[in-house]
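> I have a structure I would like to understand better, so I am pasting it below and will then ask my questions one at a time.
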Number of protein chains: 2
Amino acid sequence: MKISQKGLYALQAMMMLARHYNQGAIRIRDIAYEEDLPEKFLELILLEMKNARMVESVRGAKGGYQLRRPPAEIHLSEIIRLIDGALAPFGDADQLRTLIDRDAEHRALYQVFLDVRNAAARILENTTLADIVGPGVRKPGKKSRKKADQGGVLPMVVHGNPNRGKDE
Amino acid sequence: MKISQKGLYALQAMMMLARHYNQGAIRIRDIAYEEDLPEKFLELILLEMKNARMVESVRGAKGGYQLRRPPAEIHLSEIIRLIDGALAPFGDADQLRTLIDRDAEHRALYQVFLDVRNAAARILENTTLADIVGPGVRKPGKKSRKKADQGGVLPMVVHGNPNRGKDE
DNA sequence: AATTAAGTCTATTCATTTAATAGACTTTAT
DNA sequence: ATAAAGTCTATTAAATGAATAGACTTAATT
């Protein structure tokens, strides 16, 4: 799966809406300004997310956008699937399963593709906006655990890792 | 990371070369015919892989292509990186690490992207052509284990899984 | 030496996607 | 009534993706 610029904008906008959850509607202009996104383009993105019922809008003066669900109930996978499509590196999961069923010659290759998509899905379906927004709207008393442990995919890789400078 | 049609062709061609490893050079035309790939397009792909030293060519009559290394030493990640670029869903690993370092606002988001890329890298860097080609050139005596277990990413998902029909 | 069978290289084309911009229209608070 | 917002449709420019075409080079065969 490839996350496009548009997909990144969508995620950024949603993070911002998550930070302001329960504080009323935010204007497109404000989101665009604060996140430094092209306003007219963002407009289209928000509209698309509204049609997908992930956000809701308030029209007219004092209008804007807000999340329809709490940040903890919006998974990154939803946003990415909406804007950029399937999580699989090639085709989508159903196609891959069909190919694995029917194309004996390349079965093992497609199975690898499916493994990759499953690994991505596991992460993105278990990470919510709440997991990635900063301090924002913090319910007091709850000891903040940064993020549900994803099974620790190469956790040591963040600081001074041996892979540095070796391209991707 | 997105695997393009071109990337798929490259992988298919490499699988075919792997099946015929140590049997001399195979003509582009034969690869194209057997794998049903557009011949002229495949030509460019093979040339690119030759320049990347993953395959070698024999020119002139009786010429063709062959792998430069045994199938067990050619990782899917190499082929995909060459043809389709970085494994990360956005940017590449180095960029992501830089962003994680410098962009406090979006750090957690980029960390998720990096987790996804690491999960993909883990699979693709540990799967070789030998793991995915069929019976082909089988060394006798060795009990064939289909493939190194990748840590079983949702292994139960292949048959009659609950996710069916729910899109990707 | 001539012929033929291969890979090599450069250019071009066509369609789609991506990223954005523009502007007229609708709704609502004041 | 006005101004401030979202809504909707269209357009565009650039990049990418997927090929196709054809002239050129190298090497085996006769």
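Quick note on naming: the chains in the structure tokens go A, B, ... in the order shown, residues restart at 1 in each chain, and ligands are numbered from 1 in order of appearance.
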How close does stretch 35-98 of chain B get to stretch 4-21 of chain C? List, as JSON lines, each residue of stretch 35-98 of chain B within 6 Å, its nearest atom pair and the distance in Å to one decimal, counting only C-alpha atoms (C1' of nucleotides).

{"residue": "B:Arg59", "atom": "CA", "partner": "C:DG7", "partner_atom": "C1'", "distance": 5.0}
{"residue": "B:Gly60", "atom": "CA", "partner": "C:DA6", "partner_atom": "C1'", "distance": 4.2}
{"residue": "B:Ala61", "atom": "CA", "partner": "C:DA5", "partner_atom": "C1'", "distance": 4.3}
{"residue": "B:Gly63", "atom": "CA", "partner": "C:DA6", "partner_atom": "C1'", "distance": 5.4}
> Pick out each residue of stretch 46-116 of chain A that DSSP on the backbone tags as helix (DSSP H, G or I); I need them as a ChimeraX atom specification.
/A:46-51,71-73,76-84,93-102,104-116
> Output C-alpha atoms of each residue in that selection to a file, as a PDB file, in the first residue's frame.

ATOM      1  CA  LEU A  46     -12.800  16.582   4.228  1.00  0.00           C
ATOM      2  CA  LEU A  47     -15.830  16.327   2.003  1.00  0.00           C
ATOM      3  CA  GLU A  48     -14.852  12.809   1.074  1.00  0.00           C
ATOM      4  CA  MET A  49     -14.438  11.890   4.703  1.00  0.00           C
ATOM      5  CA  LYS A  50     -17.759  13.430   5.506  1.00  0.00           C
ATOM      6  CA  ASN A  51     -19.426  11.319   2.829  1.00  0.00           C
ATOM      7  CA  PRO A  71     -10.466   9.456  18.464  1.00  0.00           C
ATOM      8  CA  ALA A  72     -10.013   6.082  20.150  1.00  0.00           C
ATOM      9  CA  GLU A  73     -12.608   4.638  17.816  1.00  0.00           C
ATOM     10  CA  LEU A  76      -5.764   4.642  10.849  1.00  0.00           C
ATOM     11  CA  SER A  77      -6.722   1.813   8.511  1.00  0.00           C
ATOM     12  CA  GLU A  78     -10.120   3.415   7.860  1.00  0.00           C
ATOM     13  CA  ILE A  79      -8.629   6.692   6.800  1.00  0.00           C
ATOM     14  CA  ILE A  80      -5.988   5.093   4.625  1.00  0.00           C
ATOM     15  CA  ARG A  81      -8.428   2.707   2.978  1.00  0.00           C
ATOM     16  CA  LEU A  82     -10.773   5.552   2.211  1.00  0.00           C
ATOM     17  CA  ILE A  83      -8.180   7.806   0.656  1.00  0.00           C
ATOM     18  CA  ASP A  84      -5.590   5.422  -0.739  1.00  0.00           C
ATOM     19  CA  ALA A  93      -6.855  -9.002   0.014  1.00  0.00           C
ATOM     20  CA  ASP A  94      -9.746 -10.643  -1.815  1.00  0.00           C
ATOM     21  CA  GLN A  95      -7.970 -10.612  -5.146  1.00  0.00           C
ATOM     22  CA  LEU A  96      -4.888 -12.062  -3.513  1.00  0.00           C
ATOM     23  CA  ARG A  97      -6.889 -14.835  -1.906  1.00  0.00           C
ATOM     24  CA  THR A  98      -8.425 -15.638  -5.268  1.00  0.00           C
ATOM     25  CA  LEU A  99      -5.029 -15.722  -6.937  1.00  0.00           C
ATOM     26  CA  ILE A 100      -3.661 -17.925  -4.183  1.00  0.00           C
ATOM     27  CA  ASP A 101      -6.573 -20.261  -4.843  1.00  0.00           C
ATOM     28  CA  ARG A 102      -6.329 -20.316  -8.590  1.00  0.00           C
ATOM     29  CA  ALA A 104      -0.744 -22.433  -8.714  1.00  0.00           C
ATOM     30  CA  GLU A 105       2.393 -21.140 -10.433  1.00  0.00           C
ATOM     31  CA  HIS A 106       2.503 -17.924  -8.454  1.00  0.00           C
ATOM     32  CA  ARG A 107       0.634 -18.972  -5.348  1.00  0.00           C
ATOM     33  CA  ALA A 108       3.616 -18.602  -3.037  1.00  0.00           C
ATOM     34  CA  LEU A 109       4.357 -15.117  -4.345  1.00  0.00           C
ATOM     35  CA  TYR A 110       0.813 -13.933  -3.770  1.00  0.00           C
ATOM     36  CA  GLN A 111       0.879 -15.502  -0.333  1.00  0.00           C
ATOM     37  CA  VAL A 112       3.856 -13.313   0.496  1.00  0.00           C
ATOM     38  CA  PHE A 113       1.918 -10.286  -0.722  1.00  0.00           C
ATOM     39  CA  LEU A 114      -0.950 -11.314   1.522  1.00  0.00           C
ATOM     40  CA  ASP A 115       1.413 -11.747   4.461  1.00  0.00           C
ATOM     41  CA  VAL A 116       2.678  -8.225   3.903  1.00  0.00           C
TER      42      VAL A 116
END
> Dump as a list in words the residues of chain C that approach chain A to within 7 Å, counting only C-alpha atoms (C1' of nucleotides).
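In the required form, that comes to DA20, DT27, DT28 and DA29 of chain C.
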> Please tabulate, as JSON lines, the residues of chain B that come within 6 Å of chain A, each with its closest pair of atoms and the distance in Å to one decimal, counting only C-alpha atoms and ordering rows by chain, then residue number upward.

{"residue": "B:Met1", "atom": "CA", "partner": "A:Lys2", "partner_atom": "CA", "distance": 5.0}
{"residue": "B:Lys2", "atom": "CA", "partner": "A:Pro89", "partner_atom": "CA", "distance": 4.7}
{"residue": "B:Ile3", "atom": "CA", "partner": "A:Phe90", "partner_atom": "CA", "distance": 5.4}
{"residue": "B:Ala86", "atom": "CA", "partner": "A:Glu168", "partner_atom": "CA", "distance": 5.5}
{"residue": "B:Pro89", "atom": "CA", "partner": "A:Lys2", "partner_atom": "CA", "distance": 4.7}
{"residue": "B:Phe90", "atom": "CA", "partner": "A:Ile3", "partner_atom": "CA", "distance": 5.4}
{"residue": "B:Asp92", "atom": "CA", "partner": "A:Glu168", "partner_atom": "CA", "distance": 5.2}
{"residue": "B:Ala93", "atom": "CA", "partner": "A:Glu168", "partner_atom": "CA", "distance": 4.6}
{"residue": "B:Ala108", "atom": "CA", "partner": "A:Ile132", "partner_atom": "CA", "distance": 5.0}
{"residue": "B:Leu109", "atom": "CA", "partner": "A:Ile132", "partner_atom": "CA", "distance": 5.9}
{"residue": "B:Val116", "atom": "CA", "partner": "A:Ala120", "partner_atom": "CA", "distance": 5.4}
{"residue": "B:Ala120", "atom": "CA", "partner": "A:Val116", "partner_atom": "CA", "distance": 5.4}
{"residue": "B:Ile132", "atom": "CA", "partner": "A:Ala108", "partner_atom": "CA", "distance": 5.1}
{"residue": "B:Glu168", "atom": "CA", "partner": "A:Ala93", "partner_atom": "CA", "distance": 4.7}
> Could you give me, as JSON lines, every chain D residue with an atom at most 10 Å from chain A, plus its closest atom pair and distance in Å to one decimal, counting only C-alpha atoms (C1' of nucleotides), rows ordered by chain then number?

{"residue": "D:DA3", "atom": "C1'", "partner": "A:Ala61", "partner_atom": "CA", "distance": 7.8}
{"residue": "D:DA4", "atom": "C1'", "partner": "A:Ala61", "partner_atom": "CA", "distance": 4.4}
{"residue": "D:DA5", "atom": "C1'", "partner": "A:Gly60", "partner_atom": "CA", "distance": 4.3}
{"residue": "D:DG6", "atom": "C1'", "partner": "A:Arg59", "partner_atom": "CA", "distance": 5.0}
{"residue": "D:DT7", "atom": "C1'", "partner": "A:Leu47", "partner_atom": "CA", "distance": 8.1}
{"residue": "D:DC8", "atom": "C1'", "partner": "A:Leu44", "partner_atom": "CA", "distance": 9.6}
> What gap, in Å, lies between atom CA of B:Ile74 and atom CA of B:Gln23?
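Rounded to one decimal, the two atoms are 17.3 Å apart.
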